[in-house]
>>> print(open('entry_19.txt').read())   # compact mmCIF, C-alpha atoms and all ligand atoms
# COMPACT_ATOMS: atom_id res chain seq x y z
CA MET A 1 -27.95 -22.54 14.87
CA ARG A 2 -26.46 -22.47 11.39
CA ILE A 3 -22.80 -21.57 10.95
CA LEU A 4 -21.42 -20.66 7.56
CA ILE A 5 -17.72 -21.46 7.30
CA TYR A 6 -15.40 -20.17 4.63
CA GLY A 7 -11.81 -21.35 4.65
CA GLY A 8 -8.95 -20.25 2.45
CA SER A 9 -5.52 -18.73 2.26
CA PHE A 10 -7.04 -15.25 2.02
CA ASN A 11 -3.74 -14.13 0.64
CA PRO A 12 -5.20 -11.51 0.27
CA PRO A 13 -9.00 -11.71 0.68
CA HIS A 14 -10.63 -10.22 -2.44
CA LEU A 15 -14.05 -9.27 -3.78
CA GLY A 16 -14.55 -12.77 -5.20
CA HIS A 17 -14.46 -14.07 -1.63
CA ILE A 18 -16.80 -11.35 -0.44
CA ARG A 19 -19.32 -11.90 -3.25
CA SER A 20 -19.26 -15.58 -2.46
CA VAL A 21 -20.01 -15.08 1.24
CA GLN A 22 -22.67 -12.47 0.55
CA THR A 23 -24.44 -14.79 -1.89
CA ALA A 24 -24.25 -17.70 0.56
CA ALA A 25 -25.43 -15.57 3.47
CA ALA A 26 -28.39 -14.26 1.48
CA ALA A 27 -29.40 -17.79 0.43
CA LEU A 28 -28.76 -19.62 3.70
CA ALA A 29 -29.39 -16.99 6.40
CA PRO A 30 -26.67 -18.27 8.76
CA ASP A 31 -26.60 -17.21 12.41
CA ARG A 32 -22.82 -16.83 12.27
CA THR A 33 -20.37 -16.60 9.42
CA LEU A 34 -16.70 -17.43 9.96
CA LEU A 35 -13.85 -16.60 7.61
CA ILE A 36 -11.00 -18.92 8.54
CA PRO A 37 -7.54 -18.19 7.14
CA ALA A 38 -5.46 -21.37 6.87
CA ASN A 39 -2.14 -21.56 8.68
CA PHE A 40 -0.58 -24.10 6.29
CA PRO A 41 -3.00 -24.85 3.42
CA PRO A 42 -2.30 -28.55 2.77
CA HIS A 43 -3.19 -28.54 -0.95
CA LYS A 44 -1.83 -25.15 -1.93
CA PRO A 45 1.45 -24.18 -0.24
CA LEU A 46 1.64 -20.46 0.45
CA PRO A 47 3.81 -18.78 -2.17
CA GLU A 48 7.07 -17.03 -1.34
CA GLY A 49 6.48 -13.48 -0.14
CA THR A 50 3.28 -14.42 1.70
CA PRO A 51 2.80 -12.00 4.59
CA VAL A 52 3.04 -13.34 8.13
CA PRO A 53 -0.19 -14.87 9.53
CA LEU A 54 -0.83 -11.73 11.56
CA HIS A 55 -1.25 -9.74 8.35
CA ARG A 56 -3.45 -12.34 6.66
CA PHE A 57 -5.61 -12.43 9.75
CA ALA A 58 -5.81 -8.63 9.91
CA MET A 59 -6.86 -8.46 6.24
CA THR A 60 -9.40 -11.23 6.71
CA LYS A 61 -10.86 -9.30 9.66
CA LEU A 62 -11.15 -6.18 7.52
CA ALA A 63 -12.83 -8.15 4.74
CA ALA A 64 -15.22 -9.76 7.25
CA GLY A 65 -16.15 -6.28 8.45
CA GLU A 66 -17.80 -5.69 5.05
CA ILE A 67 -20.36 -8.43 5.62
CA PRO A 68 -22.96 -8.14 8.39
CA GLY A 69 -22.65 -10.91 10.98
CA CYS A 70 -19.33 -12.10 9.58
CA GLU A 71 -16.17 -12.53 11.61
CA ALA A 72 -12.63 -13.80 11.11
CA SER A 73 -11.60 -16.85 13.11
CA GLU A 74 -8.07 -17.72 14.29
CA ILE A 75 -8.93 -21.36 14.77
CA GLU A 76 -6.57 -22.61 12.02
CA LEU A 77 -3.85 -20.02 12.61
CA CYS A 78 -3.61 -21.22 16.21
CA ARG A 79 -3.25 -24.84 15.20
CA GLU A 80 0.11 -26.42 14.40
CA GLY A 81 0.67 -28.48 11.27
CA PRO A 82 -1.32 -28.59 8.03
CA SER A 83 -4.67 -26.83 8.28
CA TYR A 84 -6.96 -29.74 7.48
CA THR A 85 -10.60 -28.77 7.00
CA ALA A 86 -11.70 -32.05 8.64
CA ASP A 87 -9.88 -31.02 11.86
CA THR A 88 -11.45 -27.56 11.76
CA LEU A 89 -14.92 -29.00 11.32
CA ARG A 90 -14.34 -31.43 14.20
CA GLN A 91 -13.24 -28.55 16.39
CA LEU A 92 -16.24 -26.40 15.41
CA HIS A 93 -18.56 -29.36 15.94
CA GLU A 94 -17.29 -29.59 19.54
CA MET A 95 -17.45 -25.86 20.09
CA TYR A 96 -21.01 -25.57 18.76
CA PRO A 97 -22.76 -28.87 19.58
CA GLY A 98 -25.96 -29.27 17.59
CA ALA A 99 -25.15 -26.46 15.17
CA GLU A 100 -25.53 -27.02 11.46
CA LEU A 101 -22.16 -26.44 9.81
CA VAL A 102 -22.17 -25.22 6.21
CA PHE A 103 -18.81 -25.22 4.48
CA LEU A 104 -18.64 -22.77 1.60
CA MET A 105 -16.25 -23.35 -1.29
CA GLY A 106 -15.50 -22.25 -4.84
CA THR A 107 -15.51 -24.39 -7.98
CA ASP A 108 -11.86 -25.43 -7.71
CA MET A 109 -12.34 -26.71 -4.18
CA LEU A 110 -15.51 -28.66 -4.99
CA LEU A 111 -13.75 -30.41 -7.84
CA THR A 112 -10.81 -31.44 -5.67
CA VAL A 113 -12.44 -32.07 -2.29
CA GLU A 114 -12.25 -35.84 -2.64
CA GLY A 115 -8.45 -35.57 -2.60
CA TRP A 116 -8.46 -33.68 0.72
CA TYR A 117 -7.58 -35.26 4.03
CA ALA A 118 -10.60 -37.25 5.36
CA PRO A 119 -13.22 -36.09 2.84
CA GLU A 120 -15.78 -38.43 4.40
CA VAL A 121 -15.41 -36.58 7.72
CA ILE A 122 -15.86 -33.24 5.99
CA MET A 123 -19.02 -34.35 4.25
CA ALA A 124 -20.39 -36.04 7.36
CA LEU A 125 -19.88 -32.99 9.56
CA ALA A 126 -20.85 -30.22 7.15
CA ARG A 127 -23.19 -29.45 4.36
CA LEU A 128 -21.30 -28.08 1.37
CA ALA A 129 -22.33 -24.84 -0.32
CA VAL A 130 -20.75 -24.09 -3.67
CA PHE A 131 -20.44 -20.76 -5.39
CA ALA A 132 -18.93 -20.77 -8.88
CA ARG A 133 -15.73 -18.77 -9.35
CA GLU A 134 -16.57 -18.17 -12.97
CA THR A 135 -19.54 -18.68 -15.29
CA GLY A 136 -19.73 -21.57 -17.74
CA ARG A 137 -18.81 -24.40 -15.36
CA GLU A 138 -22.32 -25.10 -14.09
CA GLY A 139 -22.44 -28.54 -15.73
CA GLU A 140 -19.17 -29.62 -14.13
CA ILE A 141 -20.36 -28.42 -10.73
CA GLU A 142 -23.69 -30.24 -10.97
CA THR A 143 -21.98 -33.47 -12.03
CA GLN A 144 -19.52 -33.28 -9.13
CA ALA A 145 -22.30 -32.40 -6.66
CA ALA A 146 -24.30 -35.43 -7.81
CA ARG A 147 -21.21 -37.63 -7.45
CA LEU A 148 -20.53 -36.43 -3.89
CA ARG A 149 -24.15 -36.94 -2.91
CA GLU A 150 -24.09 -40.46 -4.20
CA ARG A 151 -20.66 -41.48 -2.99
CA TYR A 152 -20.54 -39.78 0.43
CA GLY A 153 -24.20 -39.02 1.11
CA ALA A 154 -23.08 -35.39 1.03
CA SER A 155 -25.49 -32.52 1.23
CA VAL A 156 -24.45 -30.08 -1.47
CA THR A 157 -26.13 -26.76 -2.23
CA VAL A 158 -25.19 -25.03 -5.46
CA LEU A 159 -25.63 -21.28 -5.07
CA ALA A 160 -26.68 -19.09 -7.98
CA GLY A 161 -25.21 -15.65 -8.54
CA GLN A 162 -22.82 -13.60 -10.59
CA PRO A 163 -19.23 -14.39 -9.59
CA VAL A 164 -16.37 -11.92 -9.41
CA THR A 165 -13.77 -13.61 -11.56
CA VAL A 166 -10.52 -13.03 -9.74
CA SER A 167 -8.00 -14.94 -7.66
CA SER A 168 -5.57 -13.89 -4.94
CA THR A 169 -2.78 -14.96 -7.31
CA GLU A 170 -3.96 -12.42 -9.88
CA VAL A 171 -4.29 -9.68 -7.26
CA ARG A 172 -0.77 -10.40 -6.00
CA SER A 173 0.61 -10.04 -9.50
CA LEU A 174 -1.22 -6.74 -10.09
CA LEU A 175 -0.29 -4.97 -6.84
CA PRO A 176 3.42 -4.29 -7.60
CA ARG A 177 2.27 -2.70 -10.90
CA ARG A 178 0.10 -0.17 -9.04
CA GLN A 179 -3.03 -2.10 -10.10
CA GLY A 180 -5.56 -4.47 -8.56
CA ARG A 181 -7.38 -2.06 -6.25
CA GLU A 182 -10.72 -2.79 -7.95
CA TYR A 183 -10.63 -6.37 -6.64
CA LEU A 184 -10.17 -5.40 -2.99
CA THR A 185 -12.17 -3.59 -0.37
CA GLU A 186 -10.96 -0.10 0.48
CA ASP A 187 -9.81 -1.24 3.93
CA VAL A 188 -7.90 -4.27 2.68
CA TYR A 189 -6.24 -2.22 -0.07
CA GLY A 190 -5.28 0.52 2.41
CA TYR A 191 -3.83 -2.10 4.75
CA ILE A 192 -1.79 -3.69 1.95
CA ILE A 193 -0.40 -0.32 0.90
CA ARG A 194 0.36 0.79 4.46
CA HIS A 195 2.38 -2.36 5.03
CA ARG A 196 3.51 -2.69 1.39
CA LEU A 197 2.54 -6.36 1.38
CA TYR A 198 3.19 -8.34 -1.82
CA GLY A 199 5.57 -5.61 -3.05
CA ALA A 200 2.48 -3.43 -3.58
CA LYS A 201 2.78 0.12 -4.85
CA PRO A 202 -0.21 2.43 -4.56
CA GLU A 203 -2.36 3.38 -7.53
CA LEU A 204 -1.48 7.04 -7.98
CA ALA A 205 -5.09 8.23 -8.36
CA TRP A 206 -5.90 6.58 -5.02
CA LEU A 207 -2.83 8.10 -3.42
CA ARG A 208 -3.63 11.60 -4.72
CA GLU A 209 -7.13 11.41 -3.31
CA ARG A 210 -5.81 10.54 0.13
CA ALA A 211 -2.75 12.79 0.13
CA TYR A 212 -4.65 15.87 -1.05
CA VAL A 213 -6.95 15.69 1.97
CA CYS A 214 -3.87 16.37 4.08
CA LEU A 215 -3.15 19.60 2.20
CA LYS A 216 -4.48 23.13 2.45
CA PRO A 217 -6.61 23.51 -0.70
CA THR A 218 -4.26 26.25 -1.93
CA ARG A 219 -1.33 23.81 -1.89
CA VAL A 220 -2.90 21.23 -4.18
CA GLU A 221 -1.86 23.11 -7.31
CA HIS A 222 1.77 23.17 -6.13
CA VAL A 223 1.71 19.44 -5.39
CA ARG A 224 0.21 18.71 -8.81
CA GLY A 225 2.89 20.87 -10.42
CA THR A 226 5.62 19.12 -8.43
CA GLU A 227 4.31 15.73 -9.55
CA ALA A 228 4.30 16.77 -13.22
CA MET A 229 7.82 18.18 -12.94
CA ALA A 230 9.12 15.17 -11.01
CA ARG A 231 7.76 12.85 -13.71
CA ALA A 232 9.35 14.96 -16.47
CA LEU A 233 12.72 14.99 -14.69
CA ALA A 234 12.53 11.26 -13.99
CA GLU A 235 11.90 10.61 -17.68
CA ARG A 236 14.79 12.89 -18.62
CA TRP A 237 17.26 11.31 -16.19
CA GLY A 238 16.18 7.67 -16.24
CA ALA A 239 14.48 7.36 -12.86
CA ASP A 240 11.11 5.61 -12.39
CA PRO A 241 8.51 8.32 -13.22
CA GLU A 242 5.85 6.68 -11.05
CA ASP A 243 8.13 6.48 -8.01
CA ALA A 244 9.01 10.14 -8.60
CA ALA A 245 5.30 10.95 -8.85
CA GLU A 246 4.61 9.06 -5.62
CA ALA A 247 7.27 11.00 -3.72
CA ALA A 248 6.02 14.29 -5.17
CA ILE A 249 2.39 13.55 -4.29
CA LEU A 250 3.43 12.94 -0.69
CA HIS A 251 6.21 15.50 -0.31
CA ASP A 252 4.14 18.14 1.52
CA CYS A 253 1.75 15.78 3.34
CA THR A 254 2.37 17.36 6.76
CA LYS A 255 3.00 20.91 5.61
CA LYS A 256 -0.44 22.06 6.79
CA ALA A 257 0.46 21.48 10.45
CA ASP A 258 1.46 24.54 12.46
CA ARG A 259 4.34 24.53 14.93
CA ASP A 260 2.39 22.66 17.62
CA GLY A 261 1.11 20.21 15.04
CA GLN A 262 4.62 19.61 13.72
CA LEU A 263 5.91 18.99 17.23
CA ARG A 264 3.08 16.57 17.91
CA ILE A 265 3.99 14.61 14.76
CA CYS A 266 7.63 14.64 15.89
CA GLU A 267 6.62 13.15 19.20
CA LYS A 268 4.46 10.50 17.56
CA TYR A 269 7.24 9.33 15.25
CA ASP A 270 10.20 9.82 17.61
CA ILE A 271 11.66 12.68 15.60
CA ILE A 272 14.08 14.95 17.41
CA PRO A 273 13.98 18.40 15.80
CA ASP A 274 17.36 20.15 15.52
CA LYS A 275 17.88 23.74 16.61
CA TRP A 276 17.29 25.18 13.12
CA GLU A 277 14.05 23.31 12.80
CA LEU A 278 12.96 24.57 16.19
CA GLU A 279 13.71 28.14 15.11
CA ASN A 280 11.95 27.74 11.79
CA GLU A 281 9.25 25.07 11.93
CA GLU A 282 8.79 25.39 8.14
CA LEU A 283 11.82 23.13 7.90
CA LEU A 284 10.22 20.40 9.98
CA HIS A 285 7.63 19.30 7.44
CA ALA A 286 10.29 17.45 5.44
CA LYS A 287 11.14 15.21 8.38
CA THR A 288 7.59 14.83 9.62
CA GLY A 289 6.33 14.31 6.05
CA ALA A 290 8.77 11.44 5.48
CA ALA A 291 7.72 9.74 8.73
CA PHE A 292 4.01 10.27 8.07
CA ALA A 293 4.27 9.04 4.47
CA ALA A 294 6.07 5.90 5.65
CA ALA A 295 3.62 5.18 8.47
CA GLU A 296 0.35 6.03 6.73
CA PHE A 297 1.10 5.20 3.11
CA GLY A 298 3.94 2.72 3.53
CA ALA A 299 6.35 4.92 1.56
CA PRO A 300 9.48 2.78 1.17
CA GLY A 301 12.98 4.04 2.10
CA PRO A 302 13.98 5.73 -1.18
CA ILE A 303 10.66 7.57 -1.45
CA ALA A 304 10.60 8.57 2.23
CA ASP A 305 14.18 9.83 1.83
CA ALA A 306 13.23 11.96 -1.17
CA ILE A 307 10.54 13.57 1.00
CA ARG A 308 12.97 13.89 3.91
CA TRP A 309 15.51 15.90 1.91
CA HIS A 310 13.25 17.89 -0.40
CA THR A 311 13.58 21.15 1.55
CA THR A 312 17.23 21.42 2.56
CA GLY A 313 18.81 18.94 0.18
CA ARG A 314 21.87 17.02 1.34
CA PRO A 315 25.28 16.19 -0.08
CA ASP A 316 25.37 13.31 -2.56
CA MET A 317 21.63 12.91 -2.99
CA THR A 318 20.16 9.92 -4.82
CA LEU A 319 18.69 10.61 -8.25
CA LEU A 320 15.18 10.48 -6.81
CA GLU A 321 16.12 12.90 -4.03
CA GLN A 322 17.60 15.36 -6.54
CA ILE A 323 14.49 15.10 -8.70
CA VAL A 324 12.07 15.85 -5.87
CA PHE A 325 14.33 18.60 -4.45
CA LEU A 326 14.36 20.33 -7.85
CA ALA A 327 10.76 19.59 -8.86
CA ASP A 328 9.54 21.27 -5.68
CA ALA A 329 11.61 24.39 -6.46
CA ILE A 330 10.85 24.76 -10.17
CA GLU A 331 7.35 23.36 -10.78
CA GLU A 332 5.25 25.46 -13.13
CA HIS A 333 3.18 27.19 -10.44
CA ARG A 334 6.16 28.53 -8.47
CA LYS A 335 6.01 32.30 -8.05
CA PRO A 336 8.85 33.69 -10.16
CA TYR A 337 12.15 34.25 -8.32
CA PRO A 338 15.40 35.45 -9.86
CA ALA A 339 17.19 32.13 -10.44
CA LEU A 340 14.05 30.18 -11.37
CA GLU A 341 14.45 30.08 -15.15
CA ALA A 342 18.15 29.24 -14.92
CA ILE A 343 17.45 26.33 -12.53
CA ARG A 344 14.59 25.10 -14.73
CA LYS A 345 16.83 25.07 -17.77
CA ALA A 346 19.72 23.39 -15.96
CA ALA A 347 17.43 20.75 -14.45
CA PHE A 348 17.10 19.23 -17.93
CA SER A 349 20.70 19.70 -19.03
CA ASP A 350 22.96 19.33 -15.96
CA LEU A 351 21.44 17.99 -12.75
CA ASP A 352 24.48 18.78 -10.56
CA ALA A 353 24.54 22.37 -11.77
CA ALA A 354 20.81 22.71 -11.17
CA VAL A 355 21.07 21.36 -7.62
CA GLU A 356 24.08 23.62 -6.90
CA LEU A 357 22.26 26.72 -8.14
CA CYS A 358 19.06 25.80 -6.33
CA ALA A 359 20.96 25.37 -3.04
CA ARG A 360 23.02 28.55 -3.68
CA ARG A 361 19.85 30.53 -4.33
CA THR A 362 18.35 29.25 -1.04
CA VAL A 363 21.53 30.17 0.87
CA GLU A 364 21.46 33.71 -0.57
CA TYR A 365 17.74 34.14 -0.10
CA VAL A 366 17.73 32.94 3.52
CA ARG A 367 20.73 35.14 4.35
CA SER A 368 19.22 38.19 2.65
CA ARG A 369 16.15 37.82 4.87
CA GLY A 370 18.21 37.35 8.04
CA LEU A 371 16.80 33.88 8.67
CA PRO A 372 18.81 31.01 10.19
CA LEU A 373 20.30 28.90 7.41
CA HIS A 374 20.09 25.18 7.86
CA PRO A 375 23.60 23.76 7.50
CA ASP A 376 22.32 20.91 5.30
CA THR A 377 21.60 23.43 2.54
CA ALA A 378 25.07 24.98 2.87
CA ARG A 379 26.60 21.51 2.75
CA THR A 380 24.51 20.60 -0.28
CA ARG A 381 25.72 23.68 -2.09
CA GLU A 382 29.38 22.97 -1.20
CA PHE A 383 29.11 19.32 -2.24
CA TYR A 384 27.66 20.07 -5.66
CA LEU A 385 30.02 22.99 -6.25
CA LYS A 386 32.95 20.66 -5.60
CA LYS A 387 31.37 18.02 -7.83
CA LEU A 388 31.13 20.53 -10.66
CA GLU A 389 34.76 21.60 -10.10
CA ASP A 390 35.91 17.96 -10.12
CA ARG A 391 34.10 17.50 -13.42
CA GLY A 392 35.75 20.66 -14.79
CA ALA A 393 32.32 22.25 -15.17
CA ALA A 394 31.51 25.81 -14.19
CA PRO A 395 28.60 26.67 -11.91
CA ILE A 396 25.80 28.60 -13.55
CA PRO A 397 26.40 32.36 -13.31
CA TRP A 398 23.83 34.15 -11.19
CA ASP A 399 23.94 37.59 -9.59
CA GLY A 400 22.10 36.79 -6.39
CA PRO A 401 18.70 37.86 -5.13
P1 LIG B 501 -4.85 -18.21 -4.72
O1 LIG B 501 -4.96 -17.47 -6.02
O2 LIG B 501 -3.76 -17.73 -3.81
O3 LIG B 501 -4.82 -19.68 -4.94
P2 LIG B 501 -7.72 -17.92 -4.26
O4 LIG B 501 -8.12 -16.67 -4.95
O5 LIG B 501 -8.04 -19.22 -4.95
O6 LIG B 501 -6.19 -17.88 -3.87
P3 LIG B 501 -8.30 -18.86 -1.57
O7 LIG B 501 -8.17 -17.99 -0.38
O8 LIG B 501 -7.32 -19.94 -1.75
O9 LIG B 501 -8.39 -17.86 -2.84
O10 LIG B 501 -9.76 -19.47 -1.63
C1 LIG B 501 -10.63 -19.59 -0.53
C2 LIG B 501 -11.98 -20.06 -1.03
O11 LIG B 501 -12.51 -19.03 -1.87
C3 LIG B 501 -11.95 -21.30 -1.89
O12 LIG B 501 -13.09 -22.10 -1.60
C4 LIG B 501 -12.03 -20.78 -3.31
O13 LIG B 501 -12.62 -21.70 -4.20
C5 LIG B 501 -12.92 -19.57 -3.11
N1 LIG B 501 -12.75 -18.50 -4.08
C6 LIG B 501 -11.60 -17.89 -4.40
N2 LIG B 501 -11.80 -16.95 -5.34
C7 LIG B 501 -13.11 -16.95 -5.62
C8 LIG B 501 -13.93 -16.19 -6.51
N3 LIG B 501 -13.43 -15.27 -7.32
N4 LIG B 501 -15.25 -16.45 -6.52
C9 LIG B 501 -15.76 -17.41 -5.71
N5 LIG B 501 -15.04 -18.15 -4.85
C10 LIG B 501 -13.73 -17.94 -4.80
>>> encode(input="entry_19.txt", output="structure tokens", more="lines below")
Ligand code: ATP
Amino acid sequence: MRILIYGGSFNPPHLGHIRSVQTAAAALAPDRTLLIPANFPPHKPLPEGTPVPLHRFAMTKLAAGEIPGCEASEIELCREGPSYTADTLRQLHEMYPGAELVFLMGTDMLLTVEGWYAPEVIMALARLAVFARETGREGEIETQAARLRERYGASVTVLAGQPVTVSSTEVRSLLPRRQGREYLTEDVYGYIIRHRLYGAKPELAWLRERAYVCLKPTRVEHVRGTEAMARALAERWGADPEDAAEAAILHDCTKKADRDGQLRICEKYDIIPDKWELENEELLHAKTGAAFAAAEFGAPGPIADAIRWHTTGRPDMTLLEQIVFLADAIEEHRKPYPALEAIRKAAFSDLDAAVELCARRTVEYVRSRGLPLHPDTARTREFYLKKLEDRGAAPIPWDGP
């Protein structure tokens, strides 16, 4: 039996790792392939902000799922102290007596392996397979391979193939900038976003694709319009346009659900609907949307809160909450309603006045139709009216519906 072993921090596992294993598996036809995340990499301390081992293991499992016959092993995560490769190989040697162990590594590892703990044990217990991390270092690799053969009697196989030039360090630096998805598998990227590992923020094109599937097709236009308006307002008022876009993309993510569906989501996320929401389930999608966006897309607090309050508003909203509340009400595809143009204009000149008029219009509209008014909207209106008064500013005149 031949076992291909690939150790690393896998922090996170990327397409460079996957290409490497695929190339090795194609060349060596192993019976088993093990990806082994290190608990404490002895030569490369894990940087600050590294996710807990459970997350690195989960991501490694997802990456392994991309390669037939490949699995993630907890062998190093379960071991205390520095994760020495020599110890791992000894353990595997005992677990699989008679098996041929092949330890796969990239250029950097081959060039430094002599400085590892007990290199002679490593090279006695395993054959080394090397896959270059980048092109142009073939000479260096061959020289080092020859040296290891001569000095340790090592068996070294240099694998040929086109590398994916990327490192986990580079991926970690791209993720908070809404980049880096192209270096990860879909599952690993989705996992990172769901748990917001490494301070990751989702690429907006990726998020749109996934959020739009949750919408009725007729609602997509409204969500697009809300995103464009939220961005414009964020630019006008100095909020982060991409955070505003993210909240807008997700703001109606549970709106499609009917009453039963809404109640099921409430149950799943421990949401207790209030009596107004039970009377008018339309109101519930703000609460369920915030919970769903947080659980499925990892929406962080400020973004989840903007979704949470986009329907009723609340007193003293954050800038992002005000932006999403208004963008939803005034985006370009909204069917015309009497106060629409006045709110649109005010949204770019006086945010408090715009929020006050938007809430006032909802109060009047709901009352005129004999529907139950959620007190949060009344409170929002009162708060912003008082804020305008305190500033010595007049609310925008409007005759009512
Ligand atoms: P970091 O940037 O955090 O140092 P890394 O990208 O070097 O991480 P590791 O998990 O530390 O990845 O590496 C595990 C193994 O994968 C090592 O043998 C390393 O040489 C190899 N490796 C990493 N990136 C590539 C790549 N792009 N192509 C081929 N092999 C790679």
>>> atom_distance(input="entry_19.txt", atom1="atom N4 of ligand LIG 501 (chain B)", atom2="CA of Ala124 in chain A")
24.6 Å
>>> closest_residue(input="entry_19.txt", among="A:Pro12, A:Pro176, A:Gly49, A:Gly106", to="ligand LIG 501 (chain B)", atoms="all atoms listed in the file")
A:Gly106
>>> residues_near_ligand(input="entry_19.txt", ligand="ligand LIG 501 (chain B)", cutoff="6 Å", atoms="only C-alpha atoms and all ligand atoms", output="tab-separated table (two decimals) with C-alpha atoms, in the frame of the given file")
chain	number	residue	atom	x	y	z
A	7	GLY	CA	-11.81	-21.35	4.65
A	8	GLY	CA	-8.95	-20.25	2.45
A	9	SER	CA	-5.52	-18.73	2.26
A	10	PHE	CA	-7.04	-15.25	2.02
A	11	ASN	CA	-3.74	-14.13	0.64
A	16	GLY	CA	-14.55	-12.77	-5.20
A	17	HIS	CA	-14.46	-14.07	-1.63
A	20	SER	CA	-19.26	-15.58	-2.46
A	105	MET	CA	-16.25	-23.35	-1.29
A	106	GLY	CA	-15.50	-22.25	-4.84
A	107	THR	CA	-15.51	-24.39	-7.98
A	108	ASP	CA	-11.86	-25.43	-7.71
A	109	MET	CA	-12.34	-26.71	-4.18
A	131	PHE	CA	-20.44	-20.76	-5.39
A	132	ALA	CA	-18.93	-20.77	-8.88
A	133	ARG	CA	-15.73	-18.77	-9.35
A	163	PRO	CA	-19.23	-14.39	-9.59
A	164	VAL	CA	-16.37	-11.92	-9.41
A	165	THR	CA	-13.77	-13.61	-11.56
A	166	VAL	CA	-10.52	-13.03	-9.74
A	167	SER	CA	-8.00	-14.94	-7.66
A	168	SER	CA	-5.57	-13.89	-4.94
A	169	THR	CA	-2.78	-14.96	-7.31
>>> atom_distance(input="entry_19.txt", atom1="CA of Gly161 in chain A", atom2="CA of Gly65 in chain A")
21.4 Å
>>> closest_atom_pairs(input="entry_19.txt", of="range 240-319 of chain A", to="range 366-386 of chain A", cutoff="10 Å", atoms="only C-alpha atoms", output="CSV")
residue,atom,partner,partner_atom,distance
A:Asp274,CA,A:His374,CA,9.6
A:Lys275,CA,A:His374,CA,9.1
A:Trp276,CA,A:His374,CA,6.0
A:Glu277,CA,A:His374,CA,8.0
A:Glu279,CA,A:Pro372,CA,7.6
A:Asn280,CA,A:Pro372,CA,7.8
A:Leu283,CA,A:His374,CA,8.5
A:Trp309,CA,A:Asp376,CA,9.1
A:Thr311,CA,A:Thr377,CA,8.4
A:Thr312,CA,A:Thr377,CA,4.8
A:Gly313,CA,A:Thr377,CA,5.8
A:Arg314,CA,A:Thr380,CA,4.7
A:Pro315,CA,A:Thr380,CA,4.5
A:Asp316,CA,A:Phe383,CA,7.1
A:Met317,CA,A:Thr380,CA,8.6
>>> residues_around(input="entry_19.txt", residues="Arg259 in chain A", least_positions_apart="3", cutoff="9 Å", atoms="only C-alpha atoms", output="mmCIF file with C-alpha atoms, in the frame of the given file")
data_model
loop_
_atom_site.group_PDB
_atom_site.id
_atom_site.type_symbol
_atom_site.label_atom_id
_atom_site.label_comp_id
_atom_site.auth_asym_id
_atom_site.auth_seq_id
_atom_site.Cartn_x
_atom_site.Cartn_y
_atom_site.Cartn_z
ATOM 1 C CA GLN A 262 4.620 19.610 13.720
ATOM 2 C CA LEU A 263 5.910 18.990 17.230
ATOM 3 C CA ARG A 264 3.080 16.570 17.910
ATOM 4 C CA LEU A 278 12.960 24.570 16.190
ATOM 5 C CA ASN A 280 11.950 27.740 11.790
ATOM 6 C CA GLU A 281 9.250 25.070 11.930
ATOM 7 C CA GLU A 282 8.790 25.390 8.140
ATOM 8 C CA LEU A 284 10.220 20.400 9.980
#
>>> closest_residue(input="entry_19.txt", among="A:His43, A:Leu4, A:Thr185, A:Gly180", to="Gly115 in chain A", atoms="only C-alpha atoms")
A:His43
>>> residues_around(input="entry_19.txt", residues="Ala86 in chain A", least_positions_apart="3", cutoff="8 Å", atoms="only C-alpha atoms", output="VMD selection string")
chain A and resid 89 to 90 117 to 119 121 to 122
>>> closest_residue(input="entry_19.txt", among="A:Leu175, A:Cys214, A:Leu184, A:Ala160", to="Leu197 in chain A", atoms="all atoms listed in the file")
A:Leu175
>>> residues_near_point(input="entry_19.txt", point="(26.8, 25.2, -11.4)", cutoff="7 Å", atoms="all atoms listed in the file", output="ChimeraX atom specification")
/A:352-354,356-357,385,388,394-396
>>> decode(input="entry_19.txt", residues="range 198-214 of chain A", atoms="C-alpha atoms", output="PDB file, in the first residue's frame")
ATOM      1  CA  TYR A 198      -9.317  35.929   8.491  1.00  0.00           C
ATOM      2  CA  GLY A 199     -11.527  39.052   8.570  1.00  0.00           C
ATOM      3  CA  ALA A 200     -12.894  37.923   5.192  1.00  0.00           C
ATOM      4  CA  LYS A 201     -15.576  39.903   3.403  1.00  0.00           C
ATOM      5  CA  PRO A 202     -17.420  38.297   0.502  1.00  0.00           C
ATOM      6  CA  GLU A 203     -16.763  39.220  -3.109  1.00  0.00           C
ATOM      7  CA  LEU A 204     -19.955  41.023  -4.038  1.00  0.00           C
ATOM      8  CA  ALA A 205     -20.441  39.201  -7.365  1.00  0.00           C
ATOM      9  CA  TRP A 206     -20.278  35.894  -5.476  1.00  0.00           C
ATOM     10  CA  LEU A 207     -22.689  37.165  -2.857  1.00  0.00           C
ATOM     11  CA  ARG A 208     -25.180  38.428  -5.456  1.00  0.00           C
ATOM     12  CA  GLU A 209     -25.200  35.066  -7.191  1.00  0.00           C
ATOM     13  CA  ARG A 210     -26.032  33.286  -3.946  1.00  0.00           C
ATOM     14  CA  ALA A 211     -28.409  35.866  -2.505  1.00  0.00           C
ATOM     15  CA  TYR A 212     -30.454  36.215  -5.693  1.00  0.00           C
ATOM     16  CA  VAL A 213     -31.303  32.503  -5.631  1.00  0.00           C
ATOM     17  CA  CYS A 214     -33.170  33.220  -2.408  1.00  0.00           C
TER      18      CYS A 214
END
